[in-house]
$ cat coords_27.pdb   # PDB, C-alpha atoms and all ligand atoms
ATOM      1  CA  MET A   1       0.000   0.000   0.000
ATOM      2  CA  SER A   2       1.300   3.404  -0.877
ATOM      3  CA  GLU A   3       0.390   6.666   0.685
ATOM      4  CA  ASN A   4      -1.966   8.621  -1.460
ATOM      5  CA  LEU A   5      -0.709  12.168  -1.303
ATOM      6  CA  ASN A   6      -2.836  14.466  -3.355
ATOM      7  CA  ILE A   7      -1.137  17.749  -3.974
ATOM      8  CA  THR A   8      -3.579  19.854  -5.903
ATOM      9  CA  SER A   9      -2.506  22.701  -8.101
ATOM     10  CA  ASP A  10      -5.500  24.870  -7.358
ATOM     11  CA  PHE A  11      -4.101  26.393  -4.210
ATOM     12  CA  PRO A  12      -6.828  28.729  -2.961
ATOM     13  CA  TYR A  13      -4.496  31.693  -2.643
ATOM     14  CA  SER A  14      -3.092  31.554  -6.148
ATOM     15  CA  MET A  15      -4.777  34.821  -7.073
ATOM     16  CA  THR A  16      -4.142  36.397  -3.720
ATOM     17  CA  LEU A  17      -1.704  39.158  -2.937
ATOM     18  CA  SER A  18       0.482  38.657   0.047
ATOM     19  CA  ILE A  19       3.043  40.618   1.917
ATOM     20  CA  ASN A  20       5.204  39.508   4.756
ATOM     21  CA  CYS A  21       5.511  41.879   7.685
ATOM     22  CA  LYS A  22       9.259  41.408   7.478
ATOM     23  CA  GLU A  23       9.317  42.429   3.817
ATOM     24  CA  ALA A  24       7.296  45.459   4.733
ATOM     25  CA  GLY A  25       9.986  46.626   7.085
ATOM     26  CA  ASP A  26       9.391  44.905  10.408
ATOM     27  CA  PRO A  27      12.591  43.099  11.404
ATOM     28  CA  THR A  28      11.009  40.493  13.678
ATOM     29  CA  CYS A  29       7.375  39.837  12.754
ATOM     30  CA  THR A  30       6.833  36.946  10.353
ATOM     31  CA  HIS A  31       3.111  37.489   9.903
ATOM     32  CA  THR A  32       1.937  37.224   6.320
ATOM     33  CA  ILE A  33      -0.918  39.411   5.205
ATOM     34  CA  LEU A  34      -3.185  38.088   2.473
ATOM     35  CA  ALA A  35      -5.638  40.062   0.390
ATOM     36  CA  GLU A  36      -7.310  40.038  -2.983
ATOM     37  CA  THR A  37      -6.637  43.624  -3.949
ATOM     38  CA  GLU A  38      -3.922  46.158  -3.197
ATOM     39  CA  GLN A  39      -6.444  48.247  -1.288
ATOM     40  CA  GLU A  40      -7.485  45.317   0.825
ATOM     41  CA  LEU A  41      -3.844  44.450   1.389
ATOM     42  CA  PHE A  42      -3.181  47.967   2.567
ATOM     43  CA  HIS A  43      -6.124  47.959   4.972
ATOM     44  CA  THR A  44      -5.424  44.466   6.274
ATOM     45  CA  ALA A  45      -1.783  45.340   6.820
ATOM     46  CA  MET A  46      -2.769  48.549   8.560
ATOM     47  CA  ASN A  47      -5.131  46.691  10.909
ATOM     48  CA  HIS A  48      -2.373  44.224  11.675
ATOM     49  CA  ALA A  49       0.142  46.990  12.361
ATOM     50  CA  ILE A  50      -2.293  48.785  14.662
ATOM     51  CA  ARG A  51      -3.347  45.662  16.552
ATOM     52  CA  GLU A  52      -0.093  43.757  16.700
ATOM     53  CA  HIS A  53       2.502  46.501  16.577
ATOM     54  CA  GLY A  54       0.706  49.272  18.421
ATOM     55  CA  MET A  55       1.152  51.607  15.472
ATOM     56  CA  THR A  56      -1.170  54.427  14.597
ATOM     57  CA  ALA A  57      -2.669  54.754  11.122
ATOM     58  CA  ALA A  58      -0.399  57.755  10.500
ATOM     59  CA  GLU A  59       2.707  55.808  11.508
ATOM     60  CA  PHE A  60       1.662  52.943   9.276
ATOM     61  CA  GLU A  61       1.205  55.253   6.291
ATOM     62  CA  GLU A  62       4.653  56.703   6.908
ATOM     63  CA  ASP A  63       6.041  53.200   6.966
ATOM     64  CA  VAL A  64       4.322  52.367   3.697
ATOM     65  CA  ASP A  65       5.850  55.473   2.119
ATOM     66  CA  LYS A  66       9.286  54.216   3.148
ATOM     67  CA  ASN A  67       8.598  50.734   1.763
ATOM     68  CA  GLU A  68       6.522  51.772  -1.186
ATOM     69  CA  GLU A  69       8.041  49.329  -3.631
ATOM     70  CA  ASN A  70       6.848  46.410  -1.500
ATOM     71  CA  TYR A  71       3.286  47.528  -1.871
ATOM     72  CA  ARG A  72       3.525  48.194  -5.588
ATOM     73  CA  SER A  73       5.214  45.101  -6.857
ATOM     74  CA  PHE A  74       2.067  43.272  -7.845
ATOM     75  CA  ASP A  75       1.600  44.409 -11.426
TER      76      ASP A  75
HETATM   77 ZN    ZN B 101       3.530  42.166  11.960
END
$ encode --input "coords_27.pdb" --output "structure tokens"
Amino acid sequence: MSENLNITSDFPYSMTLSINCKEAGDPTCTHTILAETEQELFHTAMNHAIREHGMTAAEFEEDVDKNEENYRSFD
């Protein structure tokens, strides 16, 4: 008897944008943010930064400005 390992190619997140907190400039957090659009990614990342990193929305936006290329590399 062999193990029947089914690895499907239709991974549910294949059309999903993702950004790792580390890529976005946080040196320690390994949280990955998933979203379907850049806007959603931005908002989800902002919520994460506020909740998990105690940032304010203004601080987050500043951070995004500094790491702009990470948020615009999805084209
Ligand atoms: Zn984080």
$ atom_distance --input "coords_27.pdb" --atom1 "atom CA of Glu23 of chain A" --atom2 "atom CA of Lys66 of chain A"
11.8 Å
$ closest_residue --input "coords_27.pdb" --among "A:Ala49, A:Leu17, A:Leu34, A:Met55" --to "ligand ZN 101 (chain B)" --atoms "only C-alpha atoms and all ligand atoms"
A:Ala49
$ closest_atom_pairs --input "coords_27.pdb" --of "chain A" --to "ligand ZN 101 (chain B)" --cutoff "8 Å" --atoms "all atoms listed in the file" --output "CSV"
residue,atom,partner,partner_atom,distance
A:Asn20,CA,B:ZN101,ZN,7.9
A:Cys21,CA,B:ZN101,ZN,4.7
A:Lys22,CA,B:ZN101,ZN,7.3
A:Asp26,CA,B:ZN101,ZN,6.7
A:Thr28,CA,B:ZN101,ZN,7.9
A:Cys29,CA,B:ZN101,ZN,4.6
A:Thr30,CA,B:ZN101,ZN,6.4
A:His31,CA,B:ZN101,ZN,5.1
A:Thr32,CA,B:ZN101,ZN,7.7
A:His48,CA,B:ZN101,ZN,6.3
A:Ala49,CA,B:ZN101,ZN,5.9
A:Glu52,CA,B:ZN101,ZN,6.2
A:His53,CA,B:ZN101,ZN,6.4
$ resolve_selection --input "coords_27.pdb" --expression "the PyMOL selection byres (((chain A and resi 61) around 12) and not hetatm)" --output "PyMOL selection string"
chain A and resi 24+42-43+45-47+49-50+55-60+62-68+71
